[in-house]
Each structure stands twice: as structure tokens, then as C-alpha cells.
$ cat protein14.pdb   # PDB, N, CA and C atoms
ATOM      1  N   MET A1366       0.835  -1.190   0.000
ATOM      2  CA  MET A1366       0.000   0.000   0.000
ATOM      3  C   MET A1366       0.874   1.244   0.000
ATOM      4  N   LEU A1367       0.471   2.198  -0.765
ATOM      5  CA  LEU A1367       1.189   3.463  -0.830
ATOM      6  C   LEU A1367       0.681   4.415   0.247
ATOM      7  N   SER A1368       1.566   5.286   0.686
ATOM      8  CA  SER A1368       1.151   6.312   1.635
ATOM      9  C   SER A1368       0.374   7.394   0.893
ATOM     10  N   HIS A1369      -0.202   8.299   1.647
ATOM     11  CA  HIS A1369      -0.971   9.388   1.037
ATOM     12  C   HIS A1369      -0.074  10.243   0.132
ATOM     13  N   ASP A1370       1.136  10.526   0.592
ATOM     14  CA  ASP A1370       2.063  11.310  -0.222
ATOM     15  C   ASP A1370       2.465  10.564  -1.487
ATOM     16  N   GLY A1371       2.611   9.252  -1.386
ATOM     17  CA  GLY A1371       2.945   8.448  -2.555
ATOM     18  C   GLY A1371       1.844   8.465  -3.600
ATOM     19  N   ILE A1372       0.607   8.474  -3.129
ATOM     20  CA  ILE A1372      -0.529   8.513  -4.056
ATOM     21  C   ILE A1372      -0.571   9.855  -4.776
ATOM     22  N   ILE A1373      -0.354  10.936  -4.044
ATOM     23  CA  ILE A1373      -0.344  12.274  -4.655
ATOM     24  C   ILE A1373       0.775  12.355  -5.691
ATOM     25  N   ALA A1374       1.940  11.813  -5.359
ATOM     26  CA  ALA A1374       3.061  11.833  -6.297
ATOM     27  C   ALA A1374       2.731  11.054  -7.562
ATOM     28  N   ARG A1375       2.035   9.931  -7.439
ATOM     29  CA  ARG A1375       1.653   9.141  -8.624
ATOM     30  C   ARG A1375       0.680   9.913  -9.502
ATOM     31  N   TYR A1376      -0.274  10.615  -8.886
ATOM     32  CA  TYR A1376      -1.205  11.434  -9.670
ATOM     33  C   TYR A1376      -0.454  12.531 -10.424
ATOM     34  N   ILE A1377       0.488  13.173  -9.762
ATOM     35  CA  ILE A1377       1.262  14.239 -10.403
ATOM     36  C   ILE A1377       2.076  13.675 -11.562
ATOM     37  N   LEU A1378       2.717  12.535 -11.366
ATOM     38  CA  LEU A1378       3.473  11.910 -12.453
ATOM     39  C   LEU A1378       2.576  11.550 -13.628
ATOM     40  N   ALA A1379       1.393  11.009 -13.336
ATOM     41  CA  ALA A1379       0.466  10.643 -14.404
ATOM     42  C   ALA A1379       0.068  11.874 -15.214
ATOM     43  N   VAL A1380      -0.254  12.966 -14.536
ATOM     44  CA  VAL A1380      -0.636  14.198 -15.243
ATOM     45  C   VAL A1380       0.522  14.719 -16.082
ATOM     46  N   CYS A1381       1.736  14.666 -15.545
ATOM     47  CA  CYS A1381       2.914  15.126 -16.307
ATOM     48  C   CYS A1381       3.127  14.287 -17.560
ATOM     49  N   PHE A1382       3.020  12.964 -17.419
ATOM     50  CA  PHE A1382       3.190  12.100 -18.587
ATOM     51  C   PHE A1382       2.106  12.353 -19.624
ATOM     52  N   PHE A1383       0.853  12.485 -19.183
ATOM     53  CA  PHE A1383      -0.236  12.744 -20.124
ATOM     54  C   PHE A1383      -0.086  14.113 -20.784
ATOM     55  N   PHE A1384       0.359  15.102 -20.032
ATOM     56  CA  PHE A1384       0.567  16.439 -20.596
ATOM     57  C   PHE A1384       1.676  16.422 -21.638
ATOM     58  N   ALA A1385       2.771  15.719 -21.346
ATOM     59  CA  ALA A1385       3.898  15.680 -22.276
ATOM     60  C   ALA A1385       3.498  15.037 -23.595
ATOM     61  N   SER A1386       2.746  13.952 -23.545
ATOM     62  CA  SER A1386       2.366  13.289 -24.786
ATOM     63  C   SER A1386       1.198  13.998 -25.469
ATOM     64  N   GLY A1387       0.257  14.516 -24.699
ATOM     65  CA  GLY A1387      -0.920  15.155 -25.287
ATOM     66  C   GLY A1387      -0.659  16.519 -25.878
ATOM     67  N   SER A1388       0.306  17.246 -25.354
ATOM     68  CA  SER A1388       0.571  18.602 -25.841
ATOM     69  C   SER A1388       1.510  18.616 -27.039
ATOM     70  N   GLY A1389       2.082  17.484 -27.364
ATOM     71  CA  GLY A1389       3.020  17.440 -28.476
ATOM     72  C   GLY A1389       4.440  17.795 -28.068
ATOM     73  N   LEU A1390       4.677  17.855 -26.769
ATOM     74  CA  LEU A1390       6.020  18.125 -26.263
ATOM     75  C   LEU A1390       6.973  17.023 -26.689
ATOM     76  N   VAL A1391       6.486  15.795 -26.690
ATOM     77  CA  VAL A1391       7.235  14.656 -27.210
ATOM     78  C   VAL A1391       6.390  14.004 -28.302
ATOM     79  N   THR A1392       7.042  13.403 -29.270
ATOM     80  CA  THR A1392       6.330  12.780 -30.381
ATOM     81  C   THR A1392       6.881  11.388 -30.632
ATOM     82  N   GLY A1393       6.173  10.649 -31.430
ATOM     83  CA  GLY A1393       6.628   9.324 -31.830
ATOM     84  C   GLY A1393       6.558   8.316 -30.694
ATOM     85  N   TRP A1394       7.584   7.469 -30.644
ATOM     86  CA  TRP A1394       7.634   6.415 -29.643
ATOM     87  C   TRP A1394       7.719   6.974 -28.232
ATOM     88  N   PHE A1395       8.347   8.124 -28.071
ATOM     89  CA  PHE A1395       8.434   8.725 -26.741
ATOM     90  C   PHE A1395       7.044   9.140 -26.247
ATOM     91  N   ALA A1396       6.202   9.625 -27.150
ATOM     92  CA  ALA A1396       4.838   9.975 -26.762
ATOM     93  C   ALA A1396       4.048   8.728 -26.379
ATOM     94  N   THR A1397       4.265   7.649 -27.099
ATOM     95  CA  THR A1397       3.611   6.387 -26.765
ATOM     96  C   THR A1397       4.063   5.910 -25.392
ATOM     97  N   LEU A1398       5.358   5.987 -25.150
ATOM     98  CA  LEU A1398       5.902   5.581 -23.857
ATOM     99  C   LEU A1398       5.347   6.450 -22.726
ATOM    100  N   CYS A1399       5.242   7.753 -22.961
ATOM    101  CA  CYS A1399       4.666   8.650 -21.947
ATOM    102  C   CYS A1399       3.211   8.294 -21.669
ATOM    103  N   GLY A1400       2.460   7.954 -22.708
ATOM    104  CA  GLY A1400       1.074   7.554 -22.514
ATOM    105  C   GLY A1400       0.949   6.276 -21.706
ATOM    106  N   VAL A1401       1.796   5.310 -22.005
ATOM    107  CA  VAL A1401       1.777   4.046 -21.260
ATOM    108  C   VAL A1401       2.195   4.272 -19.814
ATOM    109  N   LEU A1402       3.261   5.034 -19.596
ATOM    110  CA  LEU A1402       3.715   5.309 -18.230
ATOM    111  C   LEU A1402       2.673   6.108 -17.444
ATOM    112  N   GLY A1403       2.005   7.039 -18.111
ATOM    113  CA  GLY A1403       0.942   7.788 -17.450
ATOM    114  C   GLY A1403      -0.202   6.888 -17.018
ATOM    115  N   THR A1404      -0.557   5.924 -17.875
ATOM    116  CA  THR A1404      -1.611   4.981 -17.539
ATOM    117  C   THR A1404      -1.204   4.091 -16.365
ATOM    118  N   VAL A1405       0.037   3.636 -16.363
ATOM    119  CA  VAL A1405       0.525   2.803 -15.266
ATOM    120  C   VAL A1405       0.531   3.591 -13.956
ATOM    121  N   GLN A1406       1.006   4.819 -13.997
ATOM    122  CA  GLN A1406       1.046   5.629 -12.776
ATOM    123  C   GLN A1406      -0.360   5.915 -12.263
ATOM    124  N   LEU A1407      -1.290   6.185 -13.163
ATOM    125  CA  LEU A1407      -2.672   6.447 -12.758
ATOM    126  C   LEU A1407      -3.288   5.197 -12.132
ATOM    127  N   ALA A1408      -3.040   4.040 -12.728
ATOM    128  CA  ALA A1408      -3.574   2.794 -12.171
ATOM    129  C   ALA A1408      -2.984   2.518 -10.789
ATOM    130  N   CYS A1409      -1.687   2.754 -10.630
ATOM    131  CA  CYS A1409      -1.056   2.547  -9.320
ATOM    132  C   CYS A1409      -1.636   3.494  -8.279
ATOM    133  N   ALA A1410      -1.906   4.729  -8.662
ATOM    134  CA  ALA A1410      -2.473   5.693  -7.709
ATOM    135  C   ALA A1410      -3.902   5.315  -7.341
ATOM    136  N   LEU A1411      -4.691   4.900  -8.320
ATOM    137  CA  LEU A1411      -6.079   4.550  -8.034
ATOM    138  C   LEU A1411      -6.191   3.286  -7.178
ATOM    139  N   LEU A1412      -5.285   2.339  -7.395
ATOM    140  CA  LEU A1412      -5.325   1.094  -6.636
ATOM    141  C   LEU A1412      -4.518   1.162  -5.344
ATOM    142  N   ARG A1413      -3.779   2.263  -5.161
ATOM    143  CA  ARG A1413      -2.897   2.435  -3.997
ATOM    144  C   ARG A1413      -1.935   1.266  -3.865
ATOM    145  N   TYR A1414      -1.385   0.855  -5.002
ATOM    146  CA  TYR A1414      -0.534  -0.326  -5.070
ATOM    147  C   TYR A1414       0.762   0.037  -5.782
ATOM    148  N   SER A1415       1.856  -0.469  -5.280
ATOM    149  CA  SER A1415       3.144  -0.244  -5.923
ATOM    150  C   SER A1415       3.869  -1.580  -6.065
ATOM    151  N   PRO A1416       4.126  -2.018  -7.292
ATOM    152  CA  PRO A1416       4.856  -3.270  -7.474
ATOM    153  C   PRO A1416       6.256  -3.206  -6.882
ATOM    154  N   VAL A1417       6.873  -2.039  -6.888
ATOM    155  CA  VAL A1417       8.217  -1.898  -6.337
ATOM    156  C   VAL A1417       8.184  -2.111  -4.824
ATOM    157  N   MET A1418       7.202  -1.544  -4.155
ATOM    158  CA  MET A1418       7.087  -1.728  -2.709
ATOM    159  C   MET A1418       6.818  -3.200  -2.362
ATOM    160  N   GLU A1419       6.020  -3.862  -3.169
ATOM    161  CA  GLU A1419       5.775  -5.280  -2.929
ATOM    162  C   GLU A1419       7.050  -6.095  -3.125
ATOM    163  N   LEU A1420       7.850  -5.751  -4.117
ATOM    164  CA  LEU A1420       9.118  -6.430  -4.354
ATOM    165  C   LEU A1420      10.085  -6.219  -3.191
ATOM    166  N   ILE A1421      10.126  -5.009  -2.658
ATOM    167  CA  ILE A1421      10.992  -4.721  -1.507
ATOM    168  C   ILE A1421      10.535  -5.514  -0.294
ATOM    169  N   ASP A1422       9.229  -5.571  -0.049
ATOM    170  CA  ASP A1422       8.714  -6.359   1.075
ATOM    171  C   ASP A1422       9.036  -7.838   0.905
ATOM    172  N   TRP A1423       8.876  -8.351  -0.309
ATOM    173  CA  TRP A1423       9.185  -9.746  -0.584
ATOM    174  C   TRP A1423      10.666 -10.025  -0.343
ATOM    175  N   TRP A1424      11.520  -9.117  -0.806
ATOM    176  CA  TRP A1424      12.970  -9.296  -0.655
ATOM    177  C   TRP A1424      13.367  -9.314   0.825
ATOM    178  N   GLN A1425      12.805  -8.405   1.613
ATOM    179  CA  GLN A1425      13.121  -8.348   3.029
ATOM    180  C   GLN A1425      12.612  -9.581   3.771
ATOM    181  N   HIS A1426      11.466 -10.095   3.352
ATOM    182  CA  HIS A1426      10.902 -11.271   4.002
ATOM    183  C   HIS A1426      11.742 -12.514   3.706
ATOM    184  N   HIS A1427      12.189 -12.677   2.473
ATOM    185  CA  HIS A1427      12.956 -13.870   2.089
ATOM    186  C   HIS A1427      14.433 -13.756   2.438
ATOM    187  N   LYS A1428      14.884 -12.551   2.734
ATOM    188  CA  LYS A1428      16.277 -12.355   3.084
ATOM    189  C   LYS A1428      16.580 -12.884   4.489
ATOM    190  N   GLN A1429      15.568 -12.911   5.330
ATOM    191  CA  GLN A1429      15.773 -13.317   6.731
ATOM    192  C   GLN A1429      15.935 -14.775   6.881
TER     193      GLN A1429
END

$ encode --input "protein14.pdb" --output "C-alpha cells"
Amino acid sequence: MLSHDGIIARYILAVCFFFASGSGLVTGWFATLCGVLGTVQLACALLRYSPVMELIDWWQHHKQ
């Protein structure tokens, strides 16, 4: 689970990625990548889930 600050940061990242691709700031494959990353960040914020945090928890649990 992400903290409240983590969720806000994900929303901000999603808006930045969508703005960069939608405004024409980036074009081509970079715009596609920004759109995909924006969608991933938005999904993570809405679900309050972070695959990286889960990986860190898994690593710490199996390291012991």
C-alpha cells in the first residue's frame, strides 16, 4: 500500500506524462511511452498499489 504522499506523487506523475504526450512536447515512440507510463502511474495511484514496494517487502521477508 502506498502512503498518502505516494498517491499524490503518482497522480502528479500521471498528469505530467499525459501532458507531455498530449501537448506534443514529445512525439513518436516517446509519446507512446509517456502515454503508457501515465496509464501505469494512474492505475497505481487509483489502486494504492506499488509493485516496487511489494518487491521490496518480498525481498526483506525472504532475506531473513

$ select_by_dssp --input "protein14.pdb" --residues "chain A" --states "helix (DSSP H, G or I)" --output "PDB file with N, CA and C atoms, in the coordinates of the input"
ATOM      1  N   HIS A1369      -0.202   8.299   1.647  1.00  0.00           N
ATOM      2  CA  HIS A1369      -0.971   9.388   1.037  1.00  0.00           C
ATOM      3  C   HIS A1369      -0.074  10.243   0.132  1.00  0.00           C
ATOM      4  N   ASP A1370       1.136  10.526   0.592  1.00  0.00           N
ATOM      5  CA  ASP A1370       2.063  11.310  -0.222  1.00  0.00           C
ATOM      6  C   ASP A1370       2.465  10.564  -1.487  1.00  0.00           C
ATOM      7  N   GLY A1371       2.611   9.252  -1.386  1.00  0.00           N
ATOM      8  CA  GLY A1371       2.945   8.448  -2.555  1.00  0.00           C
ATOM      9  C   GLY A1371       1.844   8.465  -3.600  1.00  0.00           C
ATOM     10  N   ILE A1372       0.607   8.474  -3.129  1.00  0.00           N
ATOM     11  CA  ILE A1372      -0.529   8.513  -4.056  1.00  0.00           C
ATOM     12  C   ILE A1372      -0.571   9.855  -4.776  1.00  0.00           C
ATOM     13  N   ILE A1373      -0.354  10.936  -4.044  1.00  0.00           N
ATOM     14  CA  ILE A1373      -0.344  12.274  -4.655  1.00  0.00           C
ATOM     15  C   ILE A1373       0.775  12.355  -5.691  1.00  0.00           C
ATOM     16  N   ALA A1374       1.940  11.813  -5.359  1.00  0.00           N
ATOM     17  CA  ALA A1374       3.061  11.833  -6.297  1.00  0.00           C
ATOM     18  C   ALA A1374       2.731  11.054  -7.562  1.00  0.00           C
ATOM     19  N   ARG A1375       2.035   9.931  -7.439  1.00  0.00           N
ATOM     20  CA  ARG A1375       1.653   9.141  -8.624  1.00  0.00           C
ATOM     21  C   ARG A1375       0.680   9.913  -9.502  1.00  0.00           C
ATOM     22  N   TYR A1376      -0.274  10.615  -8.886  1.00  0.00           N
ATOM     23  CA  TYR A1376      -1.205  11.434  -9.670  1.00  0.00           C
ATOM     24  C   TYR A1376      -0.454  12.531 -10.424  1.00  0.00           C
ATOM     25  N   ILE A1377       0.488  13.173  -9.762  1.00  0.00           N
ATOM     26  CA  ILE A1377       1.262  14.239 -10.403  1.00  0.00           C
ATOM     27  C   ILE A1377       2.076  13.675 -11.562  1.00  0.00           C
ATOM     28  N   LEU A1378       2.717  12.535 -11.366  1.00  0.00           N
ATOM     29  CA  LEU A1378       3.473  11.910 -12.453  1.00  0.00           C
ATOM     30  C   LEU A1378       2.576  11.550 -13.628  1.00  0.00           C
ATOM     31  N   ALA A1379       1.393  11.009 -13.336  1.00  0.00           N
ATOM     32  CA  ALA A1379       0.466  10.643 -14.404  1.00  0.00           C
ATOM     33  C   ALA A1379       0.068  11.874 -15.214  1.00  0.00           C
ATOM     34  N   VAL A1380      -0.254  12.966 -14.536  1.00  0.00           N
ATOM     35  CA  VAL A1380      -0.636  14.198 -15.243  1.00  0.00           C
ATOM     36  C   VAL A1380       0.522  14.719 -16.082  1.00  0.00           C
ATOM     37  N   CYS A1381       1.736  14.666 -15.545  1.00  0.00           N
ATOM     38  CA  CYS A1381       2.914  15.126 -16.307  1.00  0.00           C
ATOM     39  C   CYS A1381       3.127  14.287 -17.560  1.00  0.00           C
ATOM     40  N   PHE A1382       3.020  12.964 -17.419  1.00  0.00           N
ATOM     41  CA  PHE A1382       3.190  12.100 -18.587  1.00  0.00           C
ATOM     42  C   PHE A1382       2.106  12.353 -19.624  1.00  0.00           C
ATOM     43  N   PHE A1383       0.853  12.485 -19.183  1.00  0.00           N
ATOM     44  CA  PHE A1383      -0.236  12.744 -20.124  1.00  0.00           C
ATOM     45  C   PHE A1383      -0.086  14.113 -20.784  1.00  0.00           C
ATOM     46  N   PHE A1384       0.359  15.102 -20.032  1.00  0.00           N
ATOM     47  CA  PHE A1384       0.567  16.439 -20.596  1.00  0.00           C
ATOM     48  C   PHE A1384       1.676  16.422 -21.638  1.00  0.00           C
ATOM     49  N   ALA A1385       2.771  15.719 -21.346  1.00  0.00           N
ATOM     50  CA  ALA A1385       3.898  15.680 -22.276  1.00  0.00           C
ATOM     51  C   ALA A1385       3.498  15.037 -23.595  1.00  0.00           C
ATOM     52  N   SER A1386       2.746  13.952 -23.545  1.00  0.00           N
ATOM     53  CA  SER A1386       2.366  13.289 -24.786  1.00  0.00           C
ATOM     54  C   SER A1386       1.198  13.998 -25.469  1.00  0.00           C
ATOM     55  N   GLY A1387       0.257  14.516 -24.699  1.00  0.00           N
ATOM     56  CA  GLY A1387      -0.920  15.155 -25.287  1.00  0.00           C
ATOM     57  C   GLY A1387      -0.659  16.519 -25.878  1.00  0.00           C
ATOM     58  N   TRP A1394       7.584   7.469 -30.644  1.00  0.00           N
ATOM     59  CA  TRP A1394       7.634   6.415 -29.643  1.00  0.00           C
ATOM     60  C   TRP A1394       7.719   6.974 -28.232  1.00  0.00           C
ATOM     61  N   PHE A1395       8.347   8.124 -28.071  1.00  0.00           N
ATOM     62  CA  PHE A1395       8.434   8.725 -26.741  1.00  0.00           C
ATOM     63  C   PHE A1395       7.044   9.140 -26.247  1.00  0.00           C
ATOM     64  N   ALA A1396       6.202   9.625 -27.150  1.00  0.00           N
ATOM     65  CA  ALA A1396       4.838   9.975 -26.762  1.00  0.00           C
ATOM     66  C   ALA A1396       4.048   8.728 -26.379  1.00  0.00           C
ATOM     67  N   THR A1397       4.265   7.649 -27.099  1.00  0.00           N
ATOM     68  CA  THR A1397       3.611   6.387 -26.765  1.00  0.00           C
ATOM     69  C   THR A1397       4.063   5.910 -25.392  1.00  0.00           C
ATOM     70  N   LEU A1398       5.358   5.987 -25.150  1.00  0.00           N
ATOM     71  CA  LEU A1398       5.902   5.581 -23.857  1.00  0.00           C
ATOM     72  C   LEU A1398       5.347   6.450 -22.726  1.00  0.00           C
ATOM     73  N   CYS A1399       5.242   7.753 -22.961  1.00  0.00           N
ATOM     74  CA  CYS A1399       4.666   8.650 -21.947  1.00  0.00           C
ATOM     75  C   CYS A1399       3.211   8.294 -21.669  1.00  0.00           C
ATOM     76  N   GLY A1400       2.460   7.954 -22.708  1.00  0.00           N
ATOM     77  CA  GLY A1400       1.074   7.554 -22.514  1.00  0.00           C
ATOM     78  C   GLY A1400       0.949   6.276 -21.706  1.00  0.00           C
ATOM     79  N   VAL A1401       1.796   5.310 -22.005  1.00  0.00           N
ATOM     80  CA  VAL A1401       1.777   4.046 -21.260  1.00  0.00           C
ATOM     81  C   VAL A1401       2.195   4.272 -19.814  1.00  0.00           C
ATOM     82  N   LEU A1402       3.261   5.034 -19.596  1.00  0.00           N
ATOM     83  CA  LEU A1402       3.715   5.309 -18.230  1.00  0.00           C
ATOM     84  C   LEU A1402       2.673   6.108 -17.444  1.00  0.00           C
ATOM     85  N   GLY A1403       2.005   7.039 -18.111  1.00  0.00           N
ATOM     86  CA  GLY A1403       0.942   7.788 -17.450  1.00  0.00           C
ATOM     87  C   GLY A1403      -0.202   6.888 -17.018  1.00  0.00           C
ATOM     88  N   THR A1404      -0.557   5.924 -17.875  1.00  0.00           N
ATOM     89  CA  THR A1404      -1.611   4.981 -17.539  1.00  0.00           C
ATOM     90  C   THR A1404      -1.204   4.091 -16.365  1.00  0.00           C
ATOM     91  N   VAL A1405       0.037   3.636 -16.363  1.00  0.00           N
ATOM     92  CA  VAL A1405       0.525   2.803 -15.266  1.00  0.00           C
ATOM     93  C   VAL A1405       0.531   3.591 -13.956  1.00  0.00           C
ATOM     94  N   GLN A1406       1.006   4.819 -13.997  1.00  0.00           N
ATOM     95  CA  GLN A1406       1.046   5.629 -12.776  1.00  0.00           C
ATOM     96  C   GLN A1406      -0.360   5.915 -12.263  1.00  0.00           C
ATOM     97  N   LEU A1407      -1.290   6.185 -13.163  1.00  0.00           N
ATOM     98  CA  LEU A1407      -2.672   6.447 -12.758  1.00  0.00           C
ATOM     99  C   LEU A1407      -3.288   5.197 -12.132  1.00  0.00           C
ATOM    100  N   ALA A1408      -3.040   4.040 -12.728  1.00  0.00           N
ATOM    101  CA  ALA A1408      -3.574   2.794 -12.171  1.00  0.00           C
ATOM    102  C   ALA A1408      -2.984   2.518 -10.789  1.00  0.00           C
ATOM    103  N   CYS A1409      -1.687   2.754 -10.630  1.00  0.00           N
ATOM    104  CA  CYS A1409      -1.056   2.547  -9.320  1.00  0.00           C
ATOM    105  C   CYS A1409      -1.636   3.494  -8.279  1.00  0.00           C
ATOM    106  N   ALA A1410      -1.906   4.729  -8.662  1.00  0.00           N
ATOM    107  CA  ALA A1410      -2.473   5.693  -7.709  1.00  0.00           C
ATOM    108  C   ALA A1410      -3.902   5.315  -7.341  1.00  0.00           C
ATOM    109  N   LEU A1411      -4.691   4.900  -8.320  1.00  0.00           N
ATOM    110  CA  LEU A1411      -6.079   4.550  -8.034  1.00  0.00           C
ATOM    111  C   LEU A1411      -6.191   3.286  -7.178  1.00  0.00           C
ATOM    112  N   LEU A1412      -5.285   2.339  -7.395  1.00  0.00           N
ATOM    113  CA  LEU A1412      -5.325   1.094  -6.636  1.00  0.00           C
ATOM    114  C   LEU A1412      -4.518   1.162  -5.344  1.00  0.00           C
ATOM    115  N   PRO A1416       4.126  -2.018  -7.292  1.00  0.00           N
ATOM    116  CA  PRO A1416       4.856  -3.270  -7.474  1.00  0.00           C
ATOM    117  C   PRO A1416       6.256  -3.206  -6.882  1.00  0.00           C
ATOM    118  N   VAL A1417       6.873  -2.039  -6.888  1.00  0.00           N
ATOM    119  CA  VAL A1417       8.217  -1.898  -6.337  1.00  0.00           C
ATOM    120  C   VAL A1417       8.184  -2.111  -4.824  1.00  0.00           C
ATOM    121  N   MET A1418       7.202  -1.544  -4.155  1.00  0.00           N
ATOM    122  CA  MET A1418       7.087  -1.728  -2.709  1.00  0.00           C
ATOM    123  C   MET A1418       6.818  -3.200  -2.362  1.00  0.00           C
ATOM    124  N   GLU A1419       6.020  -3.862  -3.169  1.00  0.00           N
ATOM    125  CA  GLU A1419       5.775  -5.280  -2.929  1.00  0.00           C
ATOM    126  C   GLU A1419       7.050  -6.095  -3.125  1.00  0.00           C
ATOM    127  N   LEU A1420       7.850  -5.751  -4.117  1.00  0.00           N
ATOM    128  CA  LEU A1420       9.118  -6.430  -4.354  1.00  0.00           C
ATOM    129  C   LEU A1420      10.085  -6.219  -3.191  1.00  0.00           C
ATOM    130  N   ILE A1421      10.126  -5.009  -2.658  1.00  0.00           N
ATOM    131  CA  ILE A1421      10.992  -4.721  -1.507  1.00  0.00           C
ATOM    132  C   ILE A1421      10.535  -5.514  -0.294  1.00  0.00           C
ATOM    133  N   ASP A1422       9.229  -5.571  -0.049  1.00  0.00           N
ATOM    134  CA  ASP A1422       8.714  -6.359   1.075  1.00  0.00           C
ATOM    135  C   ASP A1422       9.036  -7.838   0.905  1.00  0.00           C
ATOM    136  N   TRP A1423       8.876  -8.351  -0.309  1.00  0.00           N
ATOM    137  CA  TRP A1423       9.185  -9.746  -0.584  1.00  0.00           C
ATOM    138  C   TRP A1423      10.666 -10.025  -0.343  1.00  0.00           C
ATOM    139  N   TRP A1424      11.520  -9.117  -0.806  1.00  0.00           N
ATOM    140  CA  TRP A1424      12.970  -9.296  -0.655  1.00  0.00           C
ATOM    141  C   TRP A1424      13.367  -9.314   0.825  1.00  0.00           C
ATOM    142  N   GLN A1425      12.805  -8.405   1.613  1.00  0.00           N
ATOM    143  CA  GLN A1425      13.121  -8.348   3.029  1.00  0.00           C
ATOM    144  C   GLN A1425      12.612  -9.581   3.771  1.00  0.00           C
ATOM    145  N   HIS A1426      11.466 -10.095   3.352  1.00  0.00           N
ATOM    146  CA  HIS A1426      10.902 -11.271   4.002  1.00  0.00           C
ATOM    147  C   HIS A1426      11.742 -12.514   3.706  1.00  0.00           C
ATOM    148  N   HIS A1427      12.189 -12.677   2.473  1.00  0.00           N
ATOM    149  CA  HIS A1427      12.956 -13.870   2.089  1.00  0.00           C
ATOM    150  C   HIS A1427      14.433 -13.756   2.438  1.00  0.00           C
ATOM    151  N   LYS A1428      14.884 -12.551   2.734  1.00  0.00           N
ATOM    152  CA  LYS A1428      16.277 -12.355   3.084  1.00  0.00           C
ATOM    153  C   LYS A1428      16.580 -12.884   4.489  1.00  0.00           C
TER     154      LYS A1428
END

$ closest_residue --input "protein14.pdb" --among "A:Ile1373, A:Met1366, A:Cys1399, A:Ala1385" --to "Ser1415 of chain A" --atoms "only N, CA and C atoms"
A:Met1366

$ atom_distance --input "protein14.pdb" --atom1 "atom CA of Ala1410 of chain A" --atom2 "atom CA of Ile1372 of chain A"
5.0 Å

$ atom_distance --input "protein14.pdb" --atom1 "atom N of Leu1420 of chain A" --atom2 "atom N of Leu1367 of chain A"
11.4 Å

$ atom_distance --input "protein14.pdb" --atom1 "atom CA of Ser1388 of chain A" --atom2 "atom N of Thr1404 of chain A"
15.0 Å

$ residues_near_point --input "protein14.pdb" --point "(0.9, 8.2, -25.1)" --cutoff "6 Å" --atoms "only N, CA and C atoms" --output "mmCIF file with N, CA and C atoms, in the frame of the given file"
data_model
loop_
_atom_site.group_PDB
_atom_site.id
_atom_site.type_symbol
_atom_site.label_atom_id
_atom_site.label_comp_id
_atom_site.auth_asym_id
_atom_site.auth_seq_id
_atom_site.Cartn_x
_atom_site.Cartn_y
_atom_site.Cartn_z
ATOM 1 N N SER A 1386 2.746 13.952 -23.545
ATOM 2 C CA SER A 1386 2.366 13.289 -24.786
ATOM 3 C C SER A 1386 1.198 13.998 -25.469
ATOM 4 N N ALA A 1396 6.202 9.625 -27.150
ATOM 5 C CA ALA A 1396 4.838 9.975 -26.762
ATOM 6 C C ALA A 1396 4.048 8.728 -26.379
ATOM 7 N N THR A 1397 4.265 7.649 -27.099
ATOM 8 C CA THR A 1397 3.611 6.387 -26.765
ATOM 9 C C THR A 1397 4.063 5.910 -25.392
ATOM 10 N N LEU A 1398 5.358 5.987 -25.150
ATOM 11 C CA LEU A 1398 5.902 5.581 -23.857
ATOM 12 C C LEU A 1398 5.347 6.450 -22.726
ATOM 13 N N CYS A 1399 5.242 7.753 -22.961
ATOM 14 C CA CYS A 1399 4.666 8.650 -21.947
ATOM 15 C C CYS A 1399 3.211 8.294 -21.669
ATOM 16 N N GLY A 1400 2.460 7.954 -22.708
ATOM 17 C CA GLY A 1400 1.074 7.554 -22.514
ATOM 18 C C GLY A 1400 0.949 6.276 -21.706
ATOM 19 N N VAL A 1401 1.796 5.310 -22.005
ATOM 20 C CA VAL A 1401 1.777 4.046 -21.260
ATOM 21 C C VAL A 1401 2.195 4.272 -19.814
#
